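Shown here: protein03.csv, CSV, C-alpha atoms and all ligand atoms.
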```csv
chain,number,residue,atom,x,y,z
Q,1,MET,CA,20.7,-24.8,-27.1
Q,2,LYS,CA,21.4,-21.1,-26.8
Q,3,ILE,CA,21.0,-19.4,-23.4
Q,4,ALA,CA,21.2,-15.7,-22.9
Q,5,VAL,CA,22.8,-15.0,-19.5
Q,6,LEU,CA,21.8,-11.7,-18.0
Q,7,PRO,CA,23.2,-11.3,-14.5
Q,8,GLY,CA,22.2,-7.7,-13.9
Q,9,ASP,CA,23.0,-5.8,-10.8
Q,10,GLY,CA,23.8,-6.3,-7.1
Q,11,ILE,CA,23.8,-9.9,-6.1
Q,12,GLY,CA,22.6,-10.8,-9.6
Q,13,THR,CA,26.2,-11.3,-10.8
Q,14,GLU,CA,27.1,-13.4,-7.7
Q,15,ILE,CA,24.2,-15.8,-7.9
Q,16,VAL,CA,24.1,-16.2,-11.7
Q,17,ALA,CA,27.9,-17.1,-11.6
Q,18,GLU,CA,26.9,-20.1,-9.3
Q,19,ALA,CA,24.1,-21.2,-11.6
Q,20,VAL,CA,26.3,-21.0,-14.6
Q,21,LYS,CA,28.9,-23.2,-12.8
Q,22,VAL,CA,26.2,-25.8,-12.2
Q,23,LEU,CA,25.0,-25.7,-15.8
Q,24,LYS,CA,28.5,-26.2,-17.1
Q,25,VAL,CA,29.2,-29.4,-15.2
Q,26,LEU,CA,26.2,-31.1,-16.6
Q,27,ASN,CA,27.9,-31.5,-19.9
Q,28,LEU,CA,24.9,-30.6,-22.0
Q,29,ASP,CA,25.1,-29.0,-25.4
Q,30,LEU,CA,24.6,-25.4,-24.1
Q,31,THR,CA,25.9,-22.2,-25.6
Q,32,LEU,CA,25.9,-19.5,-22.9
Q,33,GLU,CA,26.2,-15.9,-24.0
Q,34,THR,CA,26.3,-13.1,-21.4
Q,35,ALA,CA,25.1,-9.5,-21.7
Q,36,LEU,CA,24.5,-6.4,-19.5
Q,37,VAL,CA,21.1,-5.5,-18.3
Q,38,GLY,CA,19.6,-3.1,-15.7
Q,39,GLY,CA,21.8,-0.6,-14.0
Q,40,ALA,CA,25.0,-2.2,-15.4
Q,41,ALA,CA,23.6,-1.7,-18.9
Q,42,PHE,CA,22.6,1.9,-18.1
Q,43,GLU,CA,26.1,2.7,-16.9
Q,44,ALA,CA,27.7,1.2,-20.0
Q,45,HIS,CA,25.2,2.0,-22.7
Q,46,GLY,CA,22.8,4.7,-21.2
Q,47,HIS,CA,19.8,2.3,-21.3
Q,48,PRO,CA,18.7,-0.6,-19.0
Q,49,LEU,CA,17.7,-2.8,-21.9
Q,50,PRO,CA,20.0,-2.1,-24.8
Q,51,ASP,CA,18.9,-3.3,-28.2
Q,52,SER,CA,21.8,-5.8,-28.3
Q,53,THR,CA,20.7,-7.4,-25.0
Q,54,LEU,CA,17.1,-7.6,-26.1
Q,55,LYS,CA,18.1,-9.2,-29.4
Q,56,LEU,CA,20.3,-11.7,-27.6
Q,57,ALA,CA,17.3,-12.6,-25.3
Q,58,MET,CA,14.8,-12.8,-28.1
Q,59,ASP,CA,17.0,-15.1,-30.2
Q,60,ALA,CA,17.9,-17.4,-27.4
Q,61,ASP,CA,16.1,-20.6,-26.4
Q,62,ALA,CA,16.0,-19.4,-22.9
Q,63,VAL,CA,17.1,-16.5,-20.7
Q,64,LEU,CA,18.8,-17.0,-17.3
Q,65,PHE,CA,18.3,-13.7,-15.4
Q,66,GLY,CA,19.8,-12.5,-12.1
Q,67,ALA,CA,18.2,-9.3,-10.8
Q,68,VAL,CA,18.3,-5.6,-11.6
Q,69,GLY,CA,18.0,-2.4,-9.5
Q,70,ASP,CA,19.8,-0.3,-7.0
Q,71,TRP,CA,18.5,2.5,-4.9
Q,72,LYS,CA,21.0,4.9,-6.5
Q,73,TYR,CA,18.9,4.8,-9.7
Q,74,ASP,CA,15.6,5.9,-7.9
Q,75,THR,CA,15.9,9.4,-9.1
Q,76,LEU,CA,16.3,8.6,-12.8
Q,77,ASP,CA,13.3,9.1,-15.2
Q,78,ARG,CA,11.3,5.9,-15.0
Q,79,PRO,CA,12.0,4.6,-18.5
Q,80,LEU,CA,15.8,4.6,-17.6
Q,81,ARG,CA,15.4,2.8,-14.3
Q,82,PRO,CA,16.9,-0.7,-14.1
Q,83,GLU,CA,13.6,-2.4,-13.4
Q,84,GLN,CA,12.3,-1.3,-16.8
Q,85,ALA,CA,14.6,-3.8,-18.3
Q,86,ILE,CA,12.7,-6.8,-16.8
Q,87,LEU,CA,9.3,-5.2,-17.8
Q,88,GLY,CA,10.7,-4.7,-21.3
Q,89,LEU,CA,11.9,-8.3,-21.6
Q,90,ARG,CA,8.5,-9.6,-20.4
Q,91,LYS,CA,6.6,-7.4,-22.8
Q,92,ASN,CA,8.8,-8.0,-25.9
Q,93,MET,CA,9.2,-11.7,-25.3
Q,94,GLY,CA,5.4,-12.0,-24.5
Q,95,LEU,CA,6.2,-13.7,-21.2
Q,96,PHE,CA,2.7,-13.7,-19.8
Q,97,ALA,CA,2.8,-16.7,-17.5
Q,98,ASN,CA,4.9,-16.6,-14.4
Q,99,PHE,CA,5.4,-19.8,-12.4
Q,100,ARG,CA,6.5,-19.4,-8.8
Q,101,PRO,CA,6.6,-22.7,-7.0
Q,102,ALA,CA,6.9,-22.2,-3.2
Q,103,ILE,CA,8.2,-25.4,-1.8
Q,104,CYS,CA,9.3,-25.8,1.8
Q,105,TYR,CA,12.2,-28.2,1.9
Q,106,LYS,CA,11.8,-30.5,5.0
Q,107,GLN,CA,15.4,-29.5,6.0
Q,108,LEU,CA,14.3,-25.8,6.2
Q,109,THR,CA,11.0,-26.0,8.1
Q,110,ASP,CA,12.8,-24.3,11.0
Q,111,ALA,CA,13.9,-21.4,8.8
Q,112,SER,CA,10.3,-20.6,7.9
Q,113,SER,CA,8.6,-17.6,9.6
Q,114,LEU,CA,5.7,-19.9,10.4
Q,115,LYS,CA,5.5,-22.9,12.8
Q,116,PRO,CA,7.0,-26.0,11.3
Q,117,GLU,CA,3.7,-27.9,11.4
Q,118,LEU,CA,2.1,-25.2,9.2
Q,119,VAL,CA,4.6,-25.4,6.4
Q,120,SER,CA,6.0,-29.0,6.6
Q,121,GLY,CA,5.4,-30.5,3.1
Q,122,LEU,CA,4.3,-27.1,1.7
Q,123,ASP,CA,4.2,-27.2,-2.2
Q,124,ILE,CA,2.2,-24.3,-3.7
Q,125,LEU,CA,2.4,-23.1,-7.3
Q,126,ILE,CA,1.6,-19.5,-7.8
Q,127,ILE,CA,0.8,-18.6,-11.4
Q,128,ARG,CA,1.0,-14.9,-11.9
Q,129,GLU,CA,-0.2,-13.1,-15.0
Q,130,LEU,CA,2.8,-11.0,-16.1
Q,131,THR,CA,2.1,-8.7,-19.0
Q,132,GLY,CA,-1.1,-7.0,-18.0
Q,133,ASP,CA,-2.7,-5.3,-15.0
Q,134,ILE,CA,-1.7,-2.0,-13.4
Q,135,TYR,CA,2.0,-2.5,-14.2
Q,136,PHE,CA,1.3,-2.2,-17.9
Q,137,GLY,CA,-1.8,0.1,-17.9
Q,138,GLN,CA,-2.1,3.8,-18.7
Q,139,PRO,CA,-0.7,6.4,-18.7
Q,140,ARG,CA,1.1,6.3,-21.9
Q,141,GLY,CA,2.2,9.1,-24.2
Q,142,ARG,CA,5.0,11.6,-24.7
Q,143,ARG,CA,3.7,14.2,-22.3
Q,144,ILE,CA,4.1,12.0,-19.3
Q,145,ALA,CA,7.8,11.6,-18.5
Q,146,THR,CA,7.3,9.3,-15.5
Q,147,ASP,CA,4.4,7.0,-15.0
Q,148,GLY,CA,1.4,9.1,-14.0
Q,149,HIS,CA,3.5,11.5,-12.2
Q,150,PHE,CA,3.6,15.0,-13.5
Q,151,PRO,CA,6.7,16.6,-11.9
Q,152,GLY,CA,5.6,19.3,-9.5
Q,153,SER,CA,2.0,18.0,-9.3
Q,154,GLU,CA,0.1,16.8,-6.3
Q,155,GLU,CA,-1.5,13.8,-7.9
Q,156,ALA,CA,-0.4,10.6,-9.6
Q,157,PHE,CA,-2.2,7.7,-11.2
Q,158,ASP,CA,-1.9,4.3,-12.7
Q,159,THR,CA,-4.6,2.3,-14.4
Q,160,MET,CA,-5.5,-1.3,-13.9
Q,161,ARG,CA,-6.6,-3.1,-17.1
Q,162,TYR,CA,-7.2,-6.7,-18.2
Q,163,SER,CA,-8.7,-8.0,-21.5
Q,164,ARG,CA,-10.7,-11.2,-21.9
Q,165,PRO,CA,-8.0,-13.0,-24.0
Q,166,GLU,CA,-5.3,-12.1,-21.5
Q,167,ILE,CA,-7.3,-13.7,-18.7
Q,168,GLU,CA,-8.3,-16.7,-20.7
Q,169,ARG,CA,-4.8,-17.7,-21.6
Q,170,ILE,CA,-3.4,-17.4,-18.1
Q,171,ALA,CA,-6.5,-19.3,-16.8
Q,172,HIS,CA,-5.8,-22.2,-19.3
Q,173,VAL,CA,-2.2,-22.3,-18.0
Q,174,ALA,CA,-3.4,-22.6,-14.4
Q,175,PHE,CA,-6.0,-25.3,-15.1
Q,176,GLN,CA,-3.5,-27.3,-17.2
Q,177,ALA,CA,-0.9,-27.0,-14.4
Q,178,ALA,CA,-3.5,-28.1,-11.9
Q,179,GLN,CA,-4.3,-31.2,-14.0
Q,180,LYS,CA,-0.7,-32.4,-13.4
Q,181,ARG,CA,-0.9,-31.7,-9.7
Q,182,SER,CA,-3.8,-32.1,-7.2
Q,183,LYS,CA,-6.5,-30.7,-9.6
Q,184,ARG,CA,-7.3,-27.6,-7.5
Q,185,VAL,CA,-7.1,-24.0,-8.5
Q,186,THR,CA,-7.7,-20.9,-6.4
Q,187,SER,CA,-8.2,-17.8,-8.4
Q,188,VAL,CA,-7.4,-14.6,-6.4
Q,189,ASP,CA,-9.1,-11.4,-7.2
Q,190,LYS,CA,-10.7,-8.2,-5.8
Q,191,ALA,CA,-14.0,-8.5,-7.6
Q,192,ASN,CA,-15.9,-7.0,-4.7
Q,193,VAL,CA,-14.3,-3.6,-5.5
Q,194,LEU,CA,-12.6,-3.6,-8.9
Q,195,GLU,CA,-14.3,-4.0,-12.3
Q,196,THR,CA,-11.0,-5.4,-13.7
Q,197,PHE,CA,-11.2,-8.3,-11.3
Q,198,GLN,CA,-14.9,-8.9,-11.7
Q,199,LEU,CA,-14.0,-9.6,-15.4
Q,200,TRP,CA,-11.1,-11.7,-14.2
Q,201,LYS,CA,-13.4,-13.8,-12.0
Q,202,ASP,CA,-16.1,-14.2,-14.7
Q,203,VAL,CA,-13.6,-15.3,-17.3
Q,204,VAL,CA,-11.7,-17.7,-15.0
Q,205,SER,CA,-15.0,-19.2,-14.1
Q,206,GLU,CA,-16.0,-19.6,-17.8
Q,207,VAL,CA,-12.6,-21.2,-18.7
Q,208,GLY,CA,-13.0,-23.5,-15.6
Q,209,LEU,CA,-16.1,-25.1,-17.2
Q,210,GLN,CA,-13.7,-26.6,-19.8
Q,211,TYR,CA,-11.8,-28.4,-17.0
Q,212,PRO,CA,-14.5,-30.3,-15.1
Q,213,ASP,CA,-11.8,-32.4,-13.4
Q,214,VAL,CA,-10.3,-29.4,-11.7
Q,215,ALA,CA,-12.0,-27.8,-8.7
Q,216,LEU,CA,-12.0,-24.0,-8.8
Q,217,ASP,CA,-12.5,-21.6,-5.9
Q,218,HIS,CA,-12.3,-17.8,-5.8
Q,219,MET,CA,-10.7,-15.8,-3.0
Q,220,TYR,CA,-10.4,-12.1,-2.5
Q,221,VAL,CA,-6.7,-11.0,-2.3
Q,222,ASP,CA,-6.9,-9.7,1.2
Q,223,ASN,CA,-8.3,-13.0,2.5
Q,224,ALA,CA,-5.7,-14.8,0.4
Q,225,ALA,CA,-2.9,-12.9,2.1
Q,226,MET,CA,-4.4,-13.9,5.4
Q,227,GLN,CA,-4.9,-17.5,4.5
Q,228,LEU,CA,-1.4,-17.8,3.1
Q,229,VAL,CA,0.1,-17.2,6.5
Q,230,LYS,CA,-2.8,-18.9,8.5
Q,231,ALA,CA,-3.2,-22.1,6.6
Q,232,PRO,CA,-0.9,-22.2,3.6
Q,233,MET,CA,-1.3,-25.9,3.0
Q,234,LYS,CA,-4.9,-25.2,1.9
Q,235,PHE,CA,-3.5,-23.9,-1.4
Q,236,ASP,CA,-2.3,-25.8,-4.4
Q,237,VAL,CA,-2.3,-23.9,-7.7
Q,238,VAL,CA,-3.0,-20.1,-7.2
Q,239,VAL,CA,-3.7,-18.0,-10.2
Q,240,THR,CA,-3.8,-14.2,-10.0
Q,241,GLY,CA,-3.1,-10.9,-11.7
Q,242,ASN,CA,0.3,-9.2,-12.0
Q,243,MET,CA,0.2,-7.0,-8.9
Q,244,PHE,CA,-1.5,-9.4,-6.5
Q,245,GLY,CA,0.8,-12.2,-7.7
Q,246,ASP,CA,3.9,-10.0,-7.1
Q,247,ILE,CA,2.9,-9.4,-3.5
Q,248,LEU,CA,1.5,-12.9,-2.6
Q,249,SER,CA,4.5,-14.7,-4.1
Q,250,ASP,CA,6.9,-12.7,-1.9
Q,251,ALA,CA,4.8,-13.6,1.1
Q,252,ALA,CA,4.8,-17.3,0.0
Q,253,ALA,CA,8.6,-17.0,-0.3
Q,254,MET,CA,9.0,-16.5,3.4
Q,255,LEU,CA,6.9,-19.6,4.1
Q,256,THR,CA,9.7,-21.6,2.5
Q,257,GLY,CA,12.4,-20.1,4.7
Q,258,SER,CA,13.9,-17.4,2.5
Q,259,ILE,CA,13.2,-15.5,-0.6
Q,260,GLY,CA,16.6,-16.8,-1.6
Q,261,MET,CA,15.0,-20.3,-2.1
Q,262,LEU,CA,12.3,-19.3,-4.6
Q,263,PRO,CA,12.9,-19.8,-8.3
Q,264,SER,CA,10.6,-18.6,-11.1
Q,265,ALA,CA,9.9,-19.2,-14.7
Q,266,SER,CA,8.2,-16.8,-17.1
Q,267,LEU,CA,7.0,-18.4,-20.3
Q,268,ASN,CA,5.5,-17.2,-23.5
Q,269,ALA,CA,3.2,-19.1,-25.9
Q,270,LYS,CA,6.2,-20.9,-27.5
Q,271,ASN,CA,7.6,-22.1,-24.2
Q,272,GLN,CA,10.5,-19.8,-24.6
Q,273,GLY,CA,11.2,-18.6,-21.1
Q,274,LEU,CA,13.0,-16.3,-18.8
Q,275,TYR,CA,14.2,-17.9,-15.6
Q,276,GLU,CA,15.1,-15.9,-12.5
Q,277,PRO,CA,15.0,-16.0,-8.7
Q,278,SER,CA,11.9,-14.4,-7.3
Q,279,HIS,CA,14.0,-11.9,-5.3
Q,280,GLY,CA,15.6,-8.6,-6.4
Q,281,SER,CA,19.2,-7.4,-6.5
Q,282,ALA,CA,19.5,-7.1,-2.7
Q,283,PRO,CA,21.8,-4.1,-2.6
Q,284,ASP,CA,22.0,-4.4,1.2
Q,285,ILE,CA,24.1,-7.6,0.9
Q,286,ALA,CA,25.6,-7.2,-2.6
Q,287,GLY,CA,29.4,-7.8,-2.8
Q,288,LYS,CA,29.5,-9.6,0.6
Q,289,GLY,CA,29.5,-13.1,-0.8
Q,290,ILE,CA,26.5,-14.1,1.4
Q,291,ALA,CA,23.6,-14.2,-1.0
Q,292,ASN,CA,21.8,-17.5,-1.3
Q,293,PRO,CA,22.3,-18.8,-4.9
Q,294,LEU,CA,19.8,-21.7,-4.6
Q,295,ALA,CA,16.8,-19.8,-6.0
Q,296,THR,CA,18.9,-19.1,-9.2
Q,297,ILE,CA,20.2,-22.6,-9.4
Q,298,LEU,CA,16.7,-23.9,-9.0
Q,299,SER,CA,15.6,-21.4,-11.7
Q,300,ALA,CA,18.2,-23.0,-14.0
Q,301,ALA,CA,16.7,-26.4,-13.3
Q,302,MET,CA,13.3,-25.0,-14.3
Q,303,MET,CA,14.8,-23.7,-17.5
Q,304,LEU,CA,16.2,-27.1,-18.4
Q,305,ARG,CA,12.8,-28.7,-17.7
Q,306,PHE,CA,10.4,-26.1,-19.3
Q,307,SER,CA,12.3,-24.6,-22.2
Q,308,LEU,CA,15.1,-27.1,-23.1
Q,309,ASP,CA,13.4,-30.4,-22.7
Q,310,GLN,CA,16.1,-31.7,-20.2
Q,311,ALA,CA,13.9,-33.0,-17.4
Q,312,GLU,CA,16.5,-35.5,-16.2
Q,313,ALA,CA,19.2,-32.8,-15.8
Q,314,ALA,CA,16.7,-30.6,-14.0
Q,315,ALA,CA,15.9,-33.4,-11.6
Q,316,ARG,CA,19.6,-33.9,-11.0
Q,317,ILE,CA,20.0,-30.3,-10.0
Q,318,GLU,CA,17.0,-30.4,-7.7
Q,319,ALA,CA,18.3,-33.6,-6.0
Q,320,ALA,CA,21.7,-31.9,-5.6
Q,321,VAL,CA,20.1,-28.9,-3.9
Q,322,ASP,CA,18.2,-31.3,-1.6
Q,323,ALA,CA,21.5,-33.1,-0.8
Q,324,VAL,CA,23.4,-29.9,0.2
Q,325,LEU,CA,20.6,-28.9,2.5
Q,326,SER,CA,20.7,-32.4,4.0
Q,327,GLN,CA,24.4,-31.9,4.6
Q,328,GLY,CA,23.5,-28.9,6.8
Q,329,LEU,CA,25.0,-26.3,4.5
Q,330,ARG,CA,23.3,-22.9,4.9
Q,331,THR,CA,23.8,-19.4,3.6
Q,332,PRO,CA,23.0,-16.8,6.4
Q,333,ASP,CA,19.4,-16.2,5.2
Q,334,ILE,CA,18.5,-19.9,6.0
Q,335,TYR,CA,21.0,-20.5,8.8
Q,336,SER,CA,19.9,-22.0,12.1
Q,337,ALA,CA,21.9,-23.2,15.1
Q,338,GLY,CA,23.9,-26.4,14.5
Q,339,MET,CA,24.1,-25.9,10.7
Q,340,THR,CA,27.2,-25.0,8.7
Q,341,GLN,CA,27.3,-21.5,7.4
Q,342,VAL,CA,28.6,-21.1,3.9
Q,343,SER,CA,29.2,-18.3,1.4
Q,344,THR,CA,27.5,-17.9,-2.0
Q,345,ARG,CA,30.4,-19.5,-3.7
Q,346,GLU,CA,30.7,-22.4,-1.3
Q,347,MET,CA,27.0,-23.2,-1.7
Q,348,GLY,CA,27.5,-23.3,-5.5
Q,349,ASP,CA,30.6,-25.5,-5.2
Q,350,ALA,CA,28.6,-27.8,-2.9
Q,351,VAL,CA,25.8,-28.2,-5.5
Q,352,VAL,CA,28.4,-28.9,-8.2
Q,353,LYS,CA,30.0,-31.6,-5.9
Q,354,ALA,CA,26.7,-33.1,-5.1
Q,355,LEU,CA,26.0,-33.5,-8.9
Q,356,GLY,CA,28.9,-36.0,-8.8
M,401,LIG,P1,15.2,-7.8,-2.7
M,401,LIG,O1,14.4,-9.0,-3.0
M,401,LIG,O2,16.3,-7.4,-3.5
M,401,LIG,O3,15.6,-7.9,-1.1
M,401,LIG,C1,14.7,-8.0,-0.1
M,401,LIG,C2,15.4,-8.6,1.2
M,401,LIG,O4,15.7,-10.0,0.9
M,401,LIG,C3,16.8,-8.0,1.4
M,401,LIG,O5,17.0,-7.9,2.8
M,401,LIG,C4,17.8,-8.9,0.8
M,401,LIG,O6,19.0,-8.9,1.4
M,401,LIG,C5,17.1,-10.3,1.0
M,401,LIG,N1,17.5,-11.2,-0.1
M,401,LIG,C6,17.0,-11.1,-1.4
M,401,LIG,N2,17.6,-12.1,-2.1
M,401,LIG,C7,18.4,-12.8,-1.3
M,401,LIG,C8,19.2,-13.9,-1.5
M,401,LIG,N3,19.4,-14.5,-2.6
M,401,LIG,N4,19.9,-14.4,-0.4
M,401,LIG,C9,19.8,-13.8,0.8
M,401,LIG,N5,19.0,-12.7,1.0
M,401,LIG,C10,18.3,-12.2,0.0
M,401,LIG,O7,14.1,-6.6,-2.6
M,401,LIG,P2,14.2,-5.0,-2.4
M,401,LIG,O8,15.3,-4.8,-1.3
M,401,LIG,O9,12.9,-4.5,-2.2
M,401,LIG,O10,14.8,-4.4,-3.8
M,401,LIG,C11,16.1,-4.2,-4.1
M,401,LIG,C12,16.2,-3.9,-5.6
M,401,LIG,O11,15.9,-5.0,-6.4
M,401,LIG,C13,15.3,-2.7,-6.0
M,401,LIG,O12,16.0,-1.9,-6.8
M,401,LIG,C14,14.2,-3.4,-6.6
M,401,LIG,O13,13.5,-2.6,-7.6
M,401,LIG,C15,14.9,-4.6,-7.3
M,401,LIG,N6,14.0,-5.7,-7.7
M,401,LIG,C16,14.4,-6.3,-8.8
M,401,LIG,C17,13.7,-7.5,-9.2
M,401,LIG,C18,14.1,-8.2,-10.5
M,401,LIG,O14,15.1,-7.9,-11.0
M,401,LIG,N7,13.2,-9.1,-11.0
M,401,LIG,C19,12.7,-8.0,-8.3
M,401,LIG,C20,12.4,-7.3,-7.1
M,401,LIG,C21,13.1,-6.2,-6.8
```

Would you put the structure from the file into structure tokens?
Amino acid sequence: MKIAVLPGDGIGTEIVAEAVKVLKVLNLDLTLETALVGGAAFEAHGHPLPDSTLKLAMDADAVLFGAVGDWKYDTLDRPLRPEQAILGLRKNMGLFANFRPAICYKQLTDASSLKPELVSGLDILIIRELTGDIYFGQPRGRRIATDGHFPGSEEAFDTMRYSRPEIERIAHVAFQAAQKRSKRVTSVDKANVLETFQLWKDVVSEVGLQYPDVALDHMYVDNAAMQLVKAPMKFDVVVTGNMFGDILSDAAAMLTGSIGMLPSASLNAKNQGLYEPSHGSAPDIAGKGIANPLATILSAAMMLRFSLDQAEAAARIEAAVDAVLSQGLRTPDIYSAGMTQVSTREMGDAVVKALG
């Protein structure tokens, strides 16, 4: 099983190192090959997603990704910015389905920004469409150097777009995921204002007729944002578009205690996947050895389960994460009084030790 390891920028290198350490002690037949991506690749090769990195990812059974980006690249032309690497990987690999489980570990209910009674036992699965919507809409074309922004002009635009097949396939993913859980799907849209999301709502409803065992409800995104912090336990599977999913899943992350706890999987139709923490490169804490590596370690577990057919090894990692939290080990983002504060590396070492 071939894994492309793309640590990227900022804390990406620190957290991916810990996940790799965990994968290595499992004694599985894994070949790990590392390549540059994002700002690191731009510095070395002049492009955030060099052909060699893209080829490595496309040829691998799975990709383990850290994070890309740094504020120092904000003045570059958009196609050269580090974040374009992740968009390029998603598009080229056809990674249309993004799974973001938001689980509040019982040991971390105090770290959540909500009252413990609101998040205790929380287990939401946000399914975000990943290759359509406003992030991949117009404008296109040689005249426009940077998305919708004509240098010197006073106006900028992006277009929101979804096609029926794009909505159908993500809806099927959501209904099938719900069949394995509590058989409830909430589809989040903005159909009251946007034609794109009226189509979304209509198509999700149609697909839902094929899953009579799954209850479907629809919610406008503004209400969903409110409900997520008011009564998050109401949700089970949430399916939504690219931009709304981006925003709602970060909000859901804080319910779990820290964005440093939230793994993600992005899959294509062949179950080939890219696995990454839901957070970014966190330049504010990069190099300090304090980033939480657990989201990345849990992403590696998702990789073993979804793309490499190693459910048992995945469950071992998840149990080891549970064990280190029960031991009271905490990186600063999830620290609370009475716990033991540890560094990124110490947290990775503890997970390795808990694996036995
Ligand atoms: P961010 O997720 O990097 O950081 C937001 C906040 O969360 C920061 O205070 C950071 O210190 C904290 N944080 C994030 N991950 C953490 C962890 N593992 N442990 C402890 N604390 C953690 O978001 P941002 O600051 O908005 O963006 C920083 C850069 O990351 C930008 O260049 C942005 O474009 C990029 N980004 C990349 C990805 C990706 O690679 N997929 C995703 C989001 C943002």

(message) Which residues are near ligand LIG 401 (chain M) in this structure, taking near to mean any atom at most 8 Å from a ligand atom and counting all atoms listed in the file? Format them as a ChimeraX atom specification.
(response) /Q:8,11,15,65-71,73-74,82-83,86,258-261,276-286,290-295,331-333

(message) Give me the residues near Val351 of chain Q as a list of chain:residue names, where near means some atom within 7 Å (using all atoms listed in the file) and where sequence neighbours in that chain fewer than 2 positions away do not count.
(response)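 My list of contacting residues is Q:Ala320, Q:Val321, Q:Val324, Q:Met347, Q:Gly348, Q:Asp349, Q:Lys353, Q:Ala354, Q:Leu355.
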
(message) Given only C-alpha atoms as the basis, pick out the residue of Q:Glu14, Q:Asp61, Q:Asp158, Q:Asp202 nearest to Leu32 of chain Q.
(response) Q:Asp61

(message) Which residue is closest to Thr186 of chain Q? Choose from Q:Val173, Q:Ala224, Q:Leu199, Q:Val5 and count only C-alpha atoms.
(response)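 The shortest atom-to-atom distance to Thr186 of chain Q comes from Q:Ala224.
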
(request) Would you kindly return, as a list in words, each protein, DNA or RNA residue with an atom no farther than 12 Å from any atom of Val214 of chain Q, considering all atoms listed in the file and excluding same-chain residues fewer than 2 positions away? (result) Ala171, His172, Ala174, Phe175, Gln176, Ala177, Ala178, Gln179, Lys180, Arg181, Ser182, Lys183, Arg184, Val185, Thr186, Ser205, Val207, Gly208, Leu209, Gln210, Tyr211, Pro212, Leu216, Asp217, Asp236 and Val237 of chain Q

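Atom to atom, atom CA of Pro50 of chain Q and atom CA of Arg128 of chain Q stand 26.3 Å apart.
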
(message) Give me the residues near Met339 of chain Q as a PyMOL selection string, where near means some atom within 10 Å (using all atoms listed in the file) and where sequence neighbours in that chain fewer than 4 positions away do not count.
(response) chain Q and resi 325-331+334-335

(message) As an exercise, work out the distance from atom CA of Leu6 of chain Q to atom CA of Leu80 of chain Q in Å and give it to one decimal place.
(response)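 Distance between the two atoms: 17.4 Å.
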
(message) Could you check which residues have any atom within 9 Å of (-7.2, -8.6, -8.5), counting only C-alpha atoms with coordinates taken straight from the file, and then list them as a list in words?
(response)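 Protein, DNA and RNA residues close to (-7.2, -8.6, -8.5): Asp133, Val188, Asp189, Lys190, Ala191, Leu194, Thr196, Phe197, Gln198, Trp200, Lys201, Tyr220, Val221, Thr240, Gly241, Asn242, Met243, Phe244 and Gly245 of chain Q.
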
Would you write out those residues with C-alpha atoms, as a PDB file, keeping the file's coordinate frame?
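After the write, part_32.pdb holds the following:
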```
ATOM      1  CA  ASP Q 133      -2.700  -5.300 -15.000  1.00  0.00           C
ATOM      2  CA  VAL Q 188      -7.400 -14.600  -6.400  1.00  0.00           C
ATOM      3  CA  ASP Q 189      -9.100 -11.400  -7.200  1.00  0.00           C
ATOM      4  CA  LYS Q 190     -10.700  -8.200  -5.800  1.00  0.00           C
ATOM      5  CA  ALA Q 191     -14.000  -8.500  -7.600  1.00  0.00           C
ATOM      6  CA  LEU Q 194     -12.600  -3.600  -8.900  1.00  0.00           C
ATOM      7  CA  THR Q 196     -11.000  -5.400 -13.700  1.00  0.00           C
ATOM      8  CA  PHE Q 197     -11.200  -8.300 -11.300  1.00  0.00           C
ATOM      9  CA  GLN Q 198     -14.900  -8.900 -11.700  1.00  0.00           C
ATOM     10  CA  TRP Q 200     -11.100 -11.700 -14.200  1.00  0.00           C
ATOM     11  CA  LYS Q 201     -13.400 -13.800 -12.000  1.00  0.00           C
ATOM     12  CA  TYR Q 220     -10.400 -12.100  -2.500  1.00  0.00           C
ATOM     13  CA  VAL Q 221      -6.700 -11.000  -2.300  1.00  0.00           C
ATOM     14  CA  THR Q 240      -3.800 -14.200 -10.000  1.00  0.00           C
ATOM     15  CA  GLY Q 241      -3.100 -10.900 -11.700  1.00  0.00           C
ATOM     16  CA  ASN Q 242       0.300  -9.200 -12.000  1.00  0.00           C
ATOM     17  CA  MET Q 243       0.200  -7.000  -8.900  1.00  0.00           C
ATOM     18  CA  PHE Q 244      -1.500  -9.400  -6.500  1.00  0.00           C
ATOM     19  CA  GLY Q 245       0.800 -12.200  -7.700  1.00  0.00           C
TER      20      GLY Q 245
END
```

(message) So that I can check the surroundings of Pro116 of chain Q, please list as a PyMOL selection string every protein, DNA and RNA residue that reaches within 10 Å of it, counting only C-alpha atoms and ignoring chain neighbours fewer than 6 positions away.
(response) chain Q and resi 104+106+108-110+255

(message) Taking all atoms listed in the file into account, name the residue in Q:Thr296, Q:Ser343, Q:Ser264, Q:Gln310 that is nearest to Lys21 of chain Q.
(response)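 Using all atoms listed in the file, the shortest distance to Lys21 of chain Q belongs to Q:Thr296.
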
(message) Just checking: using all atoms listed in the file, which residue out of Q:Lys115, Q:His47, Q:Lys230, Q:Arg345 ends up closest to Ala251 of chain Q?
(response)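 Nearest candidate to Ala251 of chain Q out of Q:Lys115, Q:His47, Q:Lys230, Q:Arg345: Q:Lys230.
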
(message) Just want the 12 Å neighbourhood of Thr34 of chain Q, counted on all atoms listed in the file, with same-chain residues fewer than 4 positions away dropped. Output as a PyMOL selection string.
(response) chain Q and resi 2-8+13+16-17+20+41+52-54+56-57+60+63-66
